[in-house]
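Chemist: My structure is below; once you've seen it, I'll send some questions.
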Amino acid sequence: MKANAVSKSNPWLYWFAVLTALATLALIGIGGLVTSHEAGMSVPDWPTTYGYNMFLFPINKWLGGIFYEHSHRLLASGVGLMTTILAVWLWLKDRRPWMSWLGVAAFLLVVAQGVLGGLRVTLHMDSLGIYHATIAQLFFVLTCAIALFTSRWWVAQASRLPDRTNAQSAAKTAALRWLVLATTILIFIQLIIAAAMRHQHAGLAISDFPLAHGSLWPDTGAEAVARYNAQRVSINAENPITAFQIELQMAHRGVALAILILTAGCAWLAGRRLGKKDAQTKLALAWFALILLQVGLGAATIWTNKAADVATTHVLVGALALAVGALWCAIAFRQSAATAYDRRTEQRRSQSAATIGAQPAMTGNK
Amino acid sequence: MIAGLMGAGSIAAAADITGVITLTGTPPPEKEITPLMENPDCAKMHATTPTTHFYVVGPNHELGDVVVSLKGVTGKSTGASQPPAALDQKGCLYTPQILAIQTGQKLIVKNSDSCVHNVHATPAVPGNPETNQGQSPGAPDLTYTYTQPEMFLKFKCDVHPWMFAWVSVFDSPYFCVSAMDGKFIIKNVPPGKYTVEAAHRKLGTQTQDVEVKDGDVTANFSFAVK
């Protein structure tokens with residue numbers, strides 16, 4: 001019987017979940033290389049590779065863009081297999097029903113993601129690439145969450161008795177919790193904007209930073225865009241840039257600044273409410289540092305004219321920043337929910353004690 | 001504009017529209033295609049690092065690779081009866097990089113290289129299908145036909161992302177691509193009034209109204225890099 005069961009931590013399951021999350025991060029990295037090298041369509045068929053069974057494609061044919069695309073497909077198959085094992089493992093061994101369903105969700109998501117990647121190739125639809133990149137981020141967060149939920153620390157928290165210190169801490173960090181959630185949602189929106197930018201296949205819509213086409217806000221009139229295109233000489237087969245793409249990159253820059261400010265705000269608020277030595281304050285500082293690194297990588301992506309390794313690192317750090325925010329939300333809101341539960345339980349206890357105390361008096365009146 | 005194609009042709013003879021296209025201003029420098037030289041299969045076919053050639057400019061500022069056509073002339077395609085046009089993948093580059101064909105005309109794509117390419121045609125006009133096919137060394141030529149007019153339909157290779165070419169498709173035989181010396185000639189144009197359009201991949205389009213009546217017509221164009 002799984003219902004309302006308290007699970008014991010299973011270190012093997014936990015480490016396998018961690019491995020799946022790491023493999024997913026590596027898969028996002030290779031996916032980033034595929035896009036950075038404009039190699040997404042270098043293998044025209046799917047699920048075969050140049051007519052071969054994907055797993056039997058000769059290694060001496062992994063040339064040029066094929067190397068990136070084929071590696072991406074093979075690692076994706078590996079992540080699919082790992083996710084299937086993880087889902088079955090959770091279903092059979094984890095005593096928490098919601099964890100079993102989380103495993104099923106991960107399995108369904110990885111299957112959908114694989115099919116989406118395949119359809120992007122066979123249907124020649126660039127727009128599917130945006131969904132593919134976005135779902136990849138969500139799937140990574142899900143695998144990280146499964147790793148967190150199967151950890152000894154998480155399971156131990158579930159078996160802890162109501163704790164007055166926890167209740168005080170949860171009350172003090174209510175504002176912080178919502179700020180972390182808002183920041184995480186904004187990071188996710190930022191990743192969607194980034195995916196939309198990458199899948200335009202137009203290179204850099206703005207090639208300078210911190211200015212944009214020499215101004216604080218670039219001219220996006222037809223004549224100006226024509227001038228930008230005339231001056232762009234790119235080695236790869238990039239599409240001409242449009243006013244929309246320039247505005248999209250400006251939105252990306254604006255949202256990046258907002259995220260930087262919000263993560264700084266999280267660090268400040270955590271330090272003020274919880275003290276410098278609290279684990280959440282340290283997490284907030286690490287998150288802020290990650291975002292600072294990400295801003296630096298964004299600038300480097302432009303300064304290196306979108307060098308594949310720099311742009312891909314930018315994608316990876318973006319995924320990590322989202323995962324940190326999402327896991328922090330899970331921890332913080334769970335603490336808050338547990339505290340509320342404890343408070344309700346305590347109230348019920350007090351009420352029933354009061355009722356029992358009042359009972360003899362009523363009887364006596366009769 | 002298209003009146004000449006309808007009636008006046010029976011009185012006066014067809015003529016050629018010729019001209020020279022020039023460029024003012026300094027175009028941005030072309031880039032060396034260094035990734036090509038990092039690929040052993042491609043590098044062995046080049047003694048020096050090839051460069052991009054977005055701006056094919058002669059010593060006296062003549063501008064090549066400009067697609068010149070009669071704007072708005074449609075439904076006159078003779079493509080089905082024309083010999084096929086050809087794109088070749090040679091030295092991991094497309095040759096030529098700018099090409100023009102008619103609707104219904106066959107376009108063959110060759111692979112003269114010793115490595116595999118994928119021929120990825122990416123039209124933007126509905127009715128011209130996007131296709132992506134692998135082509136191994138020595139494989140048969142691939143054949144394409146388009147039914148809808150389209151400017152600068154991009155062909156590319158995703159295995160070697162620096163390989164690309166643009167094919168413009170017209171619904172009439174009245175078009176050409178300017179040569180390295182900037183000269184162009186549109187042959188056998190029936191008498192009438194026309195708008196000649198010159199389109200450069202980077203510099204946009206320019207138009208000029210002409211009238212074909214008693215002999216050849218000249219229409220020169222000058223593009224500017226700002």
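Letters A, B, ... go to the chains of the structure tokens in the order shown; residues in each chain start at 1; ligands are counted from 1 in the same order.
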Could you give me, as a short mmCIF file (atom, residue, chain, number, x, y, z; two decimals) with N, CA, C and O atoms, in the first residue's frame, the residues within 10 Å of Leu108 of chain A, counting only C-alpha atoms and dropping anything in the same chain fewer than 3 positions from it?
Modeler:
data_model
loop_
_atom_site.label_atom_id
_atom_site.label_comp_id
_atom_site.auth_asym_id
_atom_site.auth_seq_id
_atom_site.Cartn_x
_atom_site.Cartn_y
_atom_site.Cartn_z
N GLY A 80 16.85 8.75 -22.68
CA GLY A 80 15.53 8.11 -22.75
C GLY A 80 15.52 6.79 -22.00
O GLY A 80 14.59 6.50 -21.23
N THR A 83 15.79 7.42 -18.25
CA THR A 83 14.52 7.93 -17.70
C THR A 83 13.51 6.79 -17.56
O THR A 83 12.75 6.75 -16.58
N THR A 84 13.52 5.88 -18.52
CA THR A 84 12.60 4.73 -18.44
C THR A 84 12.94 3.89 -17.21
O THR A 84 12.04 3.51 -16.44
N ALA A 87 11.85 5.74 -14.11
CA ALA A 87 10.39 5.71 -13.92
C ALA A 87 9.94 4.36 -13.35
O ALA A 87 9.13 4.31 -12.42
N LEU A 102 5.50 11.17 -10.79
CA LEU A 102 6.55 12.07 -11.30
C LEU A 102 7.46 11.31 -12.27
O LEU A 102 7.89 11.86 -13.29
N GLY A 103 7.74 10.06 -11.93
CA GLY A 103 8.53 9.21 -12.83
C GLY A 103 7.81 8.99 -14.14
O GLY A 103 8.41 9.05 -15.23
N VAL A 104 6.51 8.77 -14.07
CA VAL A 104 5.71 8.57 -15.29
C VAL A 104 5.73 9.86 -16.13
O VAL A 104 5.90 9.81 -17.36
N ALA A 105 5.62 10.99 -15.44
CA ALA A 105 5.65 12.28 -16.16
C ALA A 105 6.99 12.45 -16.87
O ALA A 105 7.03 12.90 -18.03
N VAL A 111 9.77 10.95 -23.95
CA VAL A 111 9.27 10.37 -25.21
C VAL A 111 8.78 11.51 -26.12
O VAL A 111 9.13 11.56 -27.32
N ALA A 112 8.00 12.42 -25.55
CA ALA A 112 7.48 13.54 -26.34
C ALA A 112 8.63 14.36 -26.91
O ALA A 112 8.61 14.79 -28.07
N GLN A 113 9.65 14.55 -26.10
CA GLN A 113 10.81 15.34 -26.51
C GLN A 113 11.55 14.67 -27.66
O GLN A 113 11.97 15.33 -28.61
N GLY A 114 11.70 13.37 -27.59
CA GLY A 114 12.36 12.62 -28.67
C GLY A 114 11.57 12.73 -29.97
O GLY A 114 12.14 12.99 -31.04
#
Chemist: Could I get the residues of chain B with an atom no further than 7 Å from an atom of chain A, each paired with its nearest atom pair and that distance in Å to one decimal, using only C-alpha atoms, sorted by chain and residue number, as JSON lines?
Modeler:
{"residue": "B:Pro28", "atom": "CA", "partner": "A:Gln231", "partner_atom": "CA", "distance": 5.8}
{"residue": "B:Glu30", "atom": "CA", "partner": "A:Val233", "partner_atom": "CA", "distance": 6.5}
{"residue": "B:Lys31", "atom": "CA", "partner": "A:Ile235", "partner_atom": "CA", "distance": 6.7}
{"residue": "B:Ile33", "atom": "CA", "partner": "A:Ile235", "partner_atom": "CA", "distance": 6.0}
{"residue": "B:Thr52", "atom": "CA", "partner": "A:Ile235", "partner_atom": "CA", "distance": 6.5}
{"residue": "B:Asn118", "atom": "CA", "partner": "A:Ser42", "partner_atom": "CA", "distance": 6.3}
{"residue": "B:Glu130", "atom": "CA", "partner": "A:His124", "partner_atom": "CA", "distance": 7.0}
{"residue": "B:Asn132", "atom": "CA", "partner": "A:Pro44", "partner_atom": "CA", "distance": 5.6}
{"residue": "B:Gln133", "atom": "CA", "partner": "A:Pro44", "partner_atom": "CA", "distance": 5.8}
{"residue": "B:Gly134", "atom": "CA", "partner": "A:Pro44", "partner_atom": "CA", "distance": 6.5}
{"residue": "B:Lys156", "atom": "CA", "partner": "A:Ala237", "partner_atom": "CA", "distance": 6.9}
{"residue": "B:Asp158", "atom": "CA", "partner": "A:Ser42", "partner_atom": "CA", "distance": 4.4}
{"residue": "B:Val159", "atom": "CA", "partner": "A:Gly65", "partner_atom": "CA", "distance": 4.2}
{"residue": "B:His160", "atom": "CA", "partner": "A:Gly64", "partner_atom": "CA", "distance": 6.0}
{"residue": "B:Pro161", "atom": "CA", "partner": "A:Asn236", "partner_atom": "CA", "distance": 5.3}
{"residue": "B:Trp162", "atom": "CA", "partner": "A:Asn236", "partner_atom": "CA", "distance": 4.2}
{"residue": "B:Met163", "atom": "CA", "partner": "A:Ala237", "partner_atom": "CA", "distance": 7.0}
{"residue": "B:Phe164", "atom": "CA", "partner": "A:Ala237", "partner_atom": "CA", "distance": 5.9}
{"residue": "B:Lys202", "atom": "CA", "partner": "A:Ala230", "partner_atom": "CA", "distance": 4.8}
{"residue": "B:Leu203", "atom": "CA", "partner": "A:Ala230", "partner_atom": "CA", "distance": 5.7}
{"residue": "B:Lys226", "atom": "CA", "partner": "A:Arg227", "partner_atom": "CA", "distance": 6.5}
Chemist: Would you kindly return, as a VMD selection string, each protein, DNA or RNA residue with an atom no farther than 10 Å from any atom of Gly254 of chain A, considering only C-alpha atoms and excluding same-chain residues fewer than 6 positions away?
Modeler: chain A and resid 190 248 260
Chemist: Smallest atom-to-atom distance to Gly204 of chain B: which of A:Leu274, A:Ile135, A:Val225, A:Leu74, using only C-alpha atoms?
Modeler: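 Between A:Leu274, A:Ile135, A:Val225, A:Leu74, the residue approaching Gly204 of chain B most closely is A:Val225.
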Chemist: Just to confirm, what's the straight-line distance from atom CA of Val225 of chain B to atom CA of Thr24 of chain B in Å (one decimal)?
Modeler: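 Between atom CA of Val225 of chain B and atom CA of Thr24 of chain B the gap is 6.3 Å.
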Chemist: Using only C-alpha atoms, which of the listed residues (B:Asn60, B:Pro50, B:Met37, B:Ala13) sits closest to Met180 of chain B?
Modeler: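 That would be B:Asn60, the residue with the smallest distance to Met180 of chain B.
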Chemist: One number please: atom CA of Ala332 of chain A to atom CA of Ala145 of chain A, in Å, one decimal.
Modeler: 13.2 Å
Chemist: State, in Å with one decimal place, the distance from atom CA of Ile85 of chain A to atom CA of Thr35 of chain A.
Modeler: 28.8 Å
Chemist: Go through B:Asp214, B:Glu197, B:Asp209, B:Asp171 one by one, measure the shortest atom-to-atom distance of each to Thr78 of chain B using only C-alpha atoms, and give the residue with the smallest value.
Modeler: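 Using only C-alpha atoms, the shortest distance to Thr78 of chain B belongs to B:Asp171.
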Chemist: Residues within 8 Å of His72 of chain A, please, as a compact mmCIF listing (two decimals) with all heavy atoms, in the first residue's frame. Count only C-alpha atoms; anything in the same chain fewer than 2 positions from it doesn't count.
Modeler:
# COMPACT_ATOMS: atom_id res chain seq x y z
N LEU A 27 23.17 16.46 -22.44
CA LEU A 27 22.35 16.42 -23.66
C LEU A 27 21.97 17.83 -24.10
O LEU A 27 22.00 18.14 -25.30
CB LEU A 27 21.10 15.57 -23.39
CG LEU A 27 20.13 15.39 -24.55
CD1 LEU A 27 20.83 14.73 -25.74
CD2 LEU A 27 18.94 14.53 -24.13
N ILE A 30 25.02 19.27 -25.78
CA ILE A 30 25.23 18.83 -27.17
C ILE A 30 24.15 19.42 -28.07
O ILE A 30 24.42 19.79 -29.22
CB ILE A 30 25.26 17.29 -27.25
CG1 ILE A 30 26.49 16.77 -26.50
CG2 ILE A 30 25.32 16.82 -28.70
CD1 ILE A 30 26.76 15.30 -26.63
N GLY A 31 22.93 19.55 -27.52
CA GLY A 31 21.88 20.22 -28.29
C GLY A 31 22.27 21.65 -28.61
O GLY A 31 22.05 22.14 -29.72
N VAL A 34 24.69 21.60 -31.42
CA VAL A 34 24.00 21.35 -32.70
C VAL A 34 23.50 22.67 -33.28
O VAL A 34 23.73 22.99 -34.45
CB VAL A 34 22.81 20.37 -32.50
CG1 VAL A 34 21.92 20.33 -33.75
CG2 VAL A 34 23.31 18.97 -32.18
N TYR A 68 27.78 16.37 -34.56
CA TYR A 68 27.00 16.97 -33.47
C TYR A 68 25.58 16.40 -33.43
O TYR A 68 25.08 16.03 -32.38
CB TYR A 68 26.96 18.49 -33.62
CG TYR A 68 28.34 19.10 -33.60
CD1 TYR A 68 28.93 19.59 -34.76
CD2 TYR A 68 29.07 19.15 -32.42
CE1 TYR A 68 30.20 20.12 -34.75
CE2 TYR A 68 30.35 19.69 -32.40
CZ TYR A 68 30.91 20.17 -33.57
OH TYR A 68 32.17 20.68 -33.56
N GLU A 69 24.95 16.35 -34.60
CA GLU A 69 23.55 15.91 -34.63
C GLU A 69 23.44 14.43 -34.23
O GLU A 69 22.56 14.05 -33.45
CB GLU A 69 22.97 16.15 -36.03
CG GLU A 69 21.59 15.57 -36.28
CD GLU A 69 20.49 16.14 -35.37
OE1 GLU A 69 20.71 17.16 -34.71
OE2 GLU A 69 19.41 15.51 -35.33
N HIS A 70 24.37 13.61 -34.75
CA HIS A 70 24.28 12.18 -34.45
C HIS A 70 24.60 11.91 -32.97
O HIS A 70 23.93 11.09 -32.32
CB HIS A 70 25.20 11.39 -35.36
CG HIS A 70 25.00 9.91 -35.26
ND1 HIS A 70 23.79 9.30 -35.56
CD2 HIS A 70 25.83 8.92 -34.84
CE1 HIS A 70 23.89 8.00 -35.34
NE2 HIS A 70 25.11 7.74 -34.91
N LEU A 74 22.23 10.04 -30.18
CA LEU A 74 22.65 8.87 -29.39
C LEU A 74 22.52 9.16 -27.89
O LEU A 74 22.01 8.33 -27.13
CB LEU A 74 24.09 8.48 -29.72
CG LEU A 74 24.30 7.84 -31.10
CD1 LEU A 74 25.75 7.42 -31.28
CD2 LEU A 74 23.39 6.64 -31.30
N LEU A 75 22.99 10.34 -27.48
CA LEU A 75 22.88 10.67 -26.05
C LEU A 75 21.41 10.79 -25.63
O LEU A 75 21.04 10.38 -24.53
CB LEU A 75 23.65 11.96 -25.74
CG LEU A 75 23.74 12.33 -24.26
CD1 LEU A 75 24.31 11.19 -23.42
CD2 LEU A 75 24.57 13.59 -24.05
N ALA A 76 20.60 11.32 -26.55
CA ALA A 76 19.16 11.43 -26.26
C ALA A 76 18.57 10.04 -26.04
O ALA A 76 17.75 9.84 -25.14
CB ALA A 76 18.45 12.14 -27.40
Chemist: If we count only C-alpha atoms, what is near Thr205 of chain B at a cut-off of 10 Å, once residues fewer than 4 positions away on the same chain are taken out, given as JSON, numbers by chain?
Modeler: {"B": [66, 67, 68, 197, 198, 199, 200, 201, 223]}
Chemist: Keeping only C-alpha atoms, write the selected residues as an mmCIF file, in the first residue's frame.
Modeler:
data_model
loop_
_atom_site.group_PDB
_atom_site.id
_atom_site.type_symbol
_atom_site.label_atom_id
_atom_site.label_comp_id
_atom_site.auth_asym_id
_atom_site.auth_seq_id
_atom_site.Cartn_x
_atom_site.Cartn_y
_atom_site.Cartn_z
ATOM 1 C CA VAL B 66 22.905 40.807 -59.216
ATOM 2 C CA VAL B 67 19.664 39.165 -60.337
ATOM 3 C CA VAL B 68 17.960 41.284 -63.008
ATOM 4 C CA GLU B 197 14.295 45.106 -61.283
ATOM 5 C CA ALA B 198 17.846 44.510 -60.078
ATOM 6 C CA ALA B 199 18.133 42.552 -56.817
ATOM 7 C CA HIS B 200 21.293 42.033 -54.792
ATOM 8 C CA ARG B 201 21.332 39.596 -51.878
ATOM 9 C CA PHE B 223 23.910 50.288 -55.774
#
Chemist: Fewer than 4 positions away in the same chain doesn't count, so skip those; otherwise give me all residues within 7 Å of Gly104 of chain B, counting only C-alpha atoms, as a ChimeraX atom specification.
Modeler: /B:79-80,145-147
Chemist: Keeping only C-alpha atoms, write those residues as an mmCIF file, in the first residue's frame.
Modeler:
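What landed in part.cif:
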data_model
loop_
_atom_site.group_PDB
_atom_site.id
_atom_site.type_symbol
_atom_site.label_atom_id
_atom_site.label_comp_id
_atom_site.auth_asym_id
_atom_site.auth_seq_id
_atom_site.Cartn_x
_atom_site.Cartn_y
_atom_site.Cartn_z
ATOM 1 C CA GLY B 79 11.025 26.384 -68.138
ATOM 2 C CA ALA B 80 9.713 22.939 -69.044
ATOM 3 C CA THR B 145 11.641 21.786 -59.997
ATOM 4 C CA TYR B 146 9.741 24.731 -58.546
ATOM 5 C CA THR B 147 6.280 25.873 -59.517
#
Chemist: Considering only C-alpha atoms, can you say which of B:Pro27, B:Asn188, B:Lys71, B:Asn39 comes closest to Tyr55 of chain B?
Modeler: B:Pro27
Chemist: Please identify which residues in segment 46-158 of chain A DSSP calls alpha helix (DSSP H) from the backbone, and express them as a PDB file with C-alpha atoms, in the first residue's frame.
Modeler:
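Saved the output as states33.pdb:
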ATOM      1  CA  GLY A  65      27.669  18.784 -38.638  1.00  0.00           C
ATOM      2  CA  ILE A  66      26.731  15.080 -38.646  1.00  0.00           C
ATOM      3  CA  PHE A  67      29.024  14.574 -35.624  1.00  0.00           C
ATOM      4  CA  TYR A  68      27.001  16.966 -33.469  1.00  0.00           C
ATOM      5  CA  GLU A  69      23.554  15.906 -34.631  1.00  0.00           C
ATOM      6  CA  HIS A  70      24.275  12.177 -34.446  1.00  0.00           C
ATOM      7  CA  SER A  71      25.929  12.482 -31.002  1.00  0.00           C
ATOM      8  CA  HIS A  72      22.852  14.402 -29.833  1.00  0.00           C
ATOM      9  CA  ARG A  73      20.575  11.607 -31.041  1.00  0.00           C
ATOM     10  CA  LEU A  74      22.646   8.870 -29.388  1.00  0.00           C
ATOM     11  CA  LEU A  75      22.883  10.667 -26.053  1.00  0.00           C
ATOM     12  CA  ALA A  76      19.163  11.429 -26.259  1.00  0.00           C
ATOM     13  CA  SER A  77      18.531   7.690 -26.655  1.00  0.00           C
ATOM     14  CA  GLY A  78      20.697   7.098 -23.577  1.00  0.00           C
ATOM     15  CA  VAL A  79      18.778   9.678 -21.543  1.00  0.00           C
ATOM     16  CA  GLY A  80      15.528   8.110 -22.746  1.00  0.00           C
ATOM     17  CA  LEU A  81      16.669   4.712 -21.526  1.00  0.00           C
ATOM     18  CA  MET A  82      17.834   6.118 -18.174  1.00  0.00           C
ATOM     19  CA  THR A  83      14.524   7.928 -17.704  1.00  0.00           C
ATOM     20  CA  THR A  84      12.605   4.734 -18.441  1.00  0.00           C
ATOM     21  CA  ILE A  85      14.646   2.841 -15.841  1.00  0.00           C
ATOM     22  CA  LEU A  86      14.155   5.691 -13.362  1.00  0.00           C
ATOM     23  CA  ALA A  87      10.391   5.715 -13.915  1.00  0.00           C
ATOM     24  CA  VAL A  88      10.106   1.951 -13.441  1.00  0.00           C
ATOM     25  CA  TRP A  89      12.347   2.098 -10.375  1.00  0.00           C
ATOM     26  CA  LEU A  90      10.252   4.859  -8.792  1.00  0.00           C
ATOM     27  CA  TRP A  91       7.046   2.998  -9.615  1.00  0.00           C
ATOM     28  CA  LEU A  92       8.269  -0.203  -8.014  1.00  0.00           C
ATOM     29  CA  LYS A  93      10.318   1.013  -5.082  1.00  0.00           C
ATOM     30  CA  PRO A  97       2.545   7.706  -4.929  1.00  0.00           C
ATOM     31  CA  TRP A  98       3.261  11.209  -6.205  1.00  0.00           C
ATOM     32  CA  MET A  99       6.867  10.196  -6.859  1.00  0.00           C
ATOM     33  CA  SER A 100       5.694   7.272  -8.976  1.00  0.00           C
ATOM     34  CA  TRP A 101       3.629   9.668 -11.066  1.00  0.00           C
ATOM     35  CA  LEU A 102       6.548  12.071 -11.297  1.00  0.00           C
ATOM     36  CA  GLY A 103       8.526   9.213 -12.827  1.00  0.00           C
ATOM     37  CA  VAL A 104       5.708   8.568 -15.293  1.00  0.00           C
ATOM     38  CA  ALA A 105       5.650  12.280 -16.156  1.00  0.00           C
ATOM     39  CA  ALA A 106       9.406  12.212 -16.813  1.00  0.00           C
ATOM     40  CA  PHE A 107       9.003   9.168 -19.056  1.00  0.00           C
ATOM     41  CA  LEU A 108       6.192  10.769 -21.057  1.00  0.00           C
ATOM     42  CA  LEU A 109       8.125  14.026 -21.351  1.00  0.00           C
ATOM     43  CA  VAL A 110      11.280  12.335 -22.632  1.00  0.00           C
ATOM     44  CA  VAL A 111       9.272  10.374 -25.211  1.00  0.00           C
ATOM     45  CA  ALA A 112       7.482  13.544 -26.342  1.00  0.00           C
ATOM     46  CA  GLN A 113      10.810  15.342 -26.506  1.00  0.00           C
ATOM     47  CA  GLY A 114      12.356  12.624 -28.672  1.00  0.00           C
ATOM     48  CA  VAL A 115       9.410  12.626 -31.075  1.00  0.00           C
ATOM     49  CA  LEU A 116       9.473  16.436 -31.214  1.00  0.00           C
ATOM     50  CA  GLY A 117      13.178  16.384 -32.095  1.00  0.00           C
ATOM     51  CA  GLY A 118      12.496  13.852 -34.831  1.00  0.00           C
ATOM     52  CA  LEU A 119       9.547  15.791 -36.232  1.00  0.00           C
ATOM     53  CA  ARG A 120      11.617  18.966 -36.297  1.00  0.00           C
ATOM     54  CA  VAL A 121      13.892  17.131 -38.763  1.00  0.00           C
ATOM     55  CA  THR A 122      11.320  15.306 -40.865  1.00  0.00           C
ATOM     56  CA  ASP A 126      12.233  25.512 -37.356  1.00  0.00           C
ATOM     57  CA  SER A 127       9.518  26.554 -34.903  1.00  0.00           C
ATOM     58  CA  LEU A 128       9.452  23.055 -33.402  1.00  0.00           C
ATOM     59  CA  GLY A 129      13.041  23.658 -32.356  1.00  0.00           C
ATOM     60  CA  ILE A 130      11.841  26.369 -29.949  1.00  0.00           C
ATOM     61  CA  TYR A 131       9.443  23.915 -28.241  1.00  0.00           C
ATOM     62  CA  HIS A 132      12.164  21.247 -28.264  1.00  0.00           C
ATOM     63  CA  ALA A 133      14.604  23.595 -26.515  1.00  0.00           C
ATOM     64  CA  THR A 134      11.983  24.747 -23.989  1.00  0.00           C
ATOM     65  CA  ILE A 135      10.831  21.246 -23.077  1.00  0.00           C
ATOM     66  CA  ALA A 136      14.485  20.268 -22.656  1.00  0.00           C
ATOM     67  CA  GLN A 137      14.775  22.866 -19.882  1.00  0.00           C
ATOM     68  CA  LEU A 138      11.600  21.637 -18.190  1.00  0.00           C
ATOM     69  CA  PHE A 139      12.773  18.042 -18.428  1.00  0.00           C
ATOM     70  CA  PHE A 140      16.108  18.973 -16.875  1.00  0.00           C
ATOM     71  CA  VAL A 141      14.322  20.664 -13.978  1.00  0.00           C
ATOM     72  CA  LEU A 142      12.151  17.559 -13.553  1.00  0.00           C
ATOM     73  CA  THR A 143      15.148  15.208 -13.402  1.00  0.00           C
ATOM     74  CA  CYS A 144      16.857  17.520 -10.898  1.00  0.00           C
ATOM     75  CA  ALA A 145      13.676  17.594  -8.831  1.00  0.00           C
ATOM     76  CA  ILE A 146      13.461  13.796  -8.829  1.00  0.00           C
ATOM     77  CA  ALA A 147      17.082  13.672  -7.652  1.00  0.00           C
ATOM     78  CA  LEU A 148      16.243  16.145  -4.862  1.00  0.00           C
ATOM     79  CA  PHE A 149      13.097  14.282  -3.809  1.00  0.00           C
ATOM     80  CA  ARG A 152      18.322  11.397   2.036  1.00  0.00           C
ATOM     81  CA  TRP A 153      18.027  15.023   3.117  1.00  0.00           C
ATOM     82  CA  TRP A 154      14.583  15.482   1.529  1.00  0.00           C
ATOM     83  CA  VAL A 155      13.246  12.195   2.900  1.00  0.00           C
ATOM     84  CA  ALA A 156      14.626  12.982   6.386  1.00  0.00           C
ATOM     85  CA  GLN A 157      12.825  16.349   6.354  1.00  0.00           C
ATOM     86  CA  ALA A 158       9.522  14.525   5.820  1.00  0.00           C
TER      87      ALA A 158
END
Chemist: Would you pick out the contacts of Asp88 of chain B at 6 Å or less, using only C-alpha atoms, so that residues sharing its chain but fewer than 3 positions from it are not included, and give the list as a PyMOL selection string?
Modeler: chain B and resi 94-95+109-110
Chemist: Considering only C-alpha atoms, state which residue in the set A:Ala354, A:Ala279, A:Ala321, A:Leu316 is at the smallest distance from Leu22 of chain A.
Modeler: A:Leu316
